[in-house]
Amino acid sequence: MTPAHLRPVVHLELHTSALPDACNFYAQLCGWEAQRIETPFGSYQALQLGPLVGGGIVQCPTDRALWLPYVEVSDVEAMTNRAEQLGGRILLAPREGPAGWRSVVATPAAGELAFWQPKH
């Protein structure tokens, strides 16, 4: 059982400028078949990475592909503010989506991290 103070990683999202190549690579290497999902904000390539962690691949203009971990929190606004107080830079302010709220923060030393607050 996970201690109450630990925040679990619940989703990993690959940001890449080469979506078809990334989908093909991970399907062949790890058996992760991408499933296209249409949302009001555009399409998304969903991945099932295992029994406890979901995933996805997003096409975006980036020079270098990167994996973005999503950490589940009870209050996305409070965690985003706390990250900023600790020296983090807000890359994506908290915003609502179809299944919950998310934000993204970063620091040069700690990389990028997303916070996820599901709708209940």
# chains A, B, ... in the order shown; residues from 1 in each chain; ligands from 1
>>> select_by_dssp(residues="chain A", states="strand (DSSP E or B)", output="number ranges by chain")
A: 9-16, 35-39, 42-48, 54-59, 66-72, 89-96, 100-107, 111-118
>>> closest_atom_pairs(of="range 76-102 of chain A", to="range 24-46 of chain A", cutoff="12 Å", atoms="only C-alpha atoms", output="JSON lines")
{"residue": "A:Glu96", "atom": "CA", "partner": "A:Phe41", "partner_atom": "CA", "distance": 11.5}
{"residue": "A:Gly97", "atom": "CA", "partner": "A:Phe41", "partner_atom": "CA", "distance": 8.9}
{"residue": "A:Pro98", "atom": "CA", "partner": "A:Thr39", "partner_atom": "CA", "distance": 8.3}
{"residue": "A:Ala99", "atom": "CA", "partner": "A:Thr39", "partner_atom": "CA", "distance": 10.8}
>>> residues_around(residues="Met79 in chain A", least_positions_apart="4", cutoff="12 Å", atoms="only C-alpha atoms", output="PyMOL selection string")
chain A and resi 7+71-75+83-86+88+90+93-94+101-105+113-117
>>> closest_residue(among="A:Arg95, A:Arg89, A:Arg64, A:His120", to="Leu14 in chain A", atoms="only C-alpha atoms")
A:Arg64
>>> select_by_dssp(residues="chain A", states="alpha helix (DSSP H)", output="list in words")
Leu19, Pro20, Asp21, Ala22, Cys23, Asn24, Phe25, Tyr26, Ala27, Gln28, Leu29, Cys30, Val76, Glu77, Ala78, Met79, Thr80, Asn81, Arg82, Ala83, Glu84 and Gln85 of chain A
>>> write_last_selection(atoms="N, CA and C atoms", output="CSV table (one decimal), in the first residue's frame")
chain,number,residue,atom,x,y,z
A,19,LEU,N,5.1,11.8,-34.5
A,19,LEU,CA,4.1,10.9,-33.9
A,19,LEU,C,4.0,9.6,-34.5
A,20,PRO,N,3.9,9.4,-35.8
A,20,PRO,CA,3.9,8.1,-36.4
A,20,PRO,C,5.1,7.2,-36.1
A,21,ASP,N,6.3,7.8,-36.2
A,21,ASP,CA,7.5,7.1,-35.9
A,21,ASP,C,7.5,6.7,-34.4
A,22,ALA,N,7.1,7.5,-33.5
A,22,ALA,CA,7.1,7.1,-32.1
A,22,ALA,C,6.1,6.0,-31.8
A,23,CYS,N,4.9,6.1,-32.4
A,23,CYS,CA,3.9,5.0,-32.2
A,23,CYS,C,4.4,3.7,-32.8
A,24,ASN,N,5.1,3.7,-33.9
A,24,ASN,CA,5.6,2.5,-34.5
A,24,ASN,C,6.7,1.9,-33.7
A,25,PHE,N,7.6,2.8,-33.2
A,25,PHE,CA,8.8,2.4,-32.4
A,25,PHE,C,8.3,1.6,-31.1
A,26,TYR,N,7.4,2.2,-30.4
A,26,TYR,CA,6.9,1.7,-29.1
A,26,TYR,C,6.1,0.4,-29.3
A,27,ALA,N,5.3,0.4,-30.4
A,27,ALA,CA,4.5,-0.8,-30.7
A,27,ALA,C,5.5,-2.0,-31.0
A,28,GLN,N,6.5,-1.8,-31.7
A,28,GLN,CA,7.4,-2.9,-32.1
A,28,GLN,C,8.3,-3.2,-30.9
A,29,LEU,N,8.8,-2.2,-30.1
A,29,LEU,CA,9.7,-2.5,-29.0
A,29,LEU,C,9.0,-3.0,-27.8
A,30,CYS,N,7.9,-2.4,-27.4
A,30,CYS,CA,7.2,-2.7,-26.1
A,30,CYS,C,5.8,-3.3,-26.2
A,76,VAL,N,-5.1,20.5,-7.7
A,76,VAL,CA,-4.1,20.8,-8.8
A,76,VAL,C,-3.6,22.3,-8.6
A,77,GLU,N,-4.5,23.1,-8.2
A,77,GLU,CA,-4.2,24.6,-8.0
A,77,GLU,C,-3.2,24.7,-6.9
A,78,ALA,N,-3.4,24.1,-5.8
A,78,ALA,CA,-2.5,24.2,-4.6
A,78,ALA,C,-1.1,23.6,-4.9
A,79,MET,N,-1.1,22.5,-5.6
A,79,MET,CA,0.2,21.8,-5.9
A,79,MET,C,1.0,22.7,-6.9
A,80,THR,N,0.3,23.3,-7.9
A,80,THR,CA,1.0,24.2,-8.9
A,80,THR,C,1.5,25.4,-8.1
A,81,ASN,N,0.8,26.0,-7.2
A,81,ASN,CA,1.3,27.1,-6.5
A,81,ASN,C,2.5,26.7,-5.6
A,82,ARG,N,2.4,25.5,-5.0
A,82,ARG,CA,3.5,25.0,-4.1
A,82,ARG,C,4.8,24.8,-5.0
A,83,ALA,N,4.6,24.3,-6.2
A,83,ALA,CA,5.8,24.1,-7.0
A,83,ALA,C,6.4,25.5,-7.4
A,84,GLU,N,5.6,26.5,-7.6
A,84,GLU,CA,6.1,27.8,-8.0
A,84,GLU,C,6.8,28.4,-6.7
A,85,GLN,N,6.3,28.2,-5.6
A,85,GLN,CA,6.9,28.7,-4.3
A,85,GLN,C,8.3,28.0,-4.1
>>> residues_around(residues="Glu13 in chain A", least_positions_apart="2", cutoff="7 Å", atoms="only C-alpha atoms", output="number ranges by chain")
A: 11, 15, 55-57, 67-69
>>> write_last_selection(atoms="C-alpha atoms", output="CSV table (one decimal), in the first residue's frame")
chain,number,residue,atom,x,y,z
A,11,HIS,CA,0.1,8.7,-16.5
A,15,HIS,CA,5.7,14.7,-26.5
A,55,GLY,CA,-0.1,6.8,-21.2
A,56,GLY,CA,-0.3,8.7,-24.4
A,57,ILE,CA,1.6,10.2,-27.3
A,67,TRP,CA,8.3,11.8,-21.4
A,68,LEU,CA,6.1,13.9,-19.1
A,69,PRO,CA,5.0,12.1,-15.9
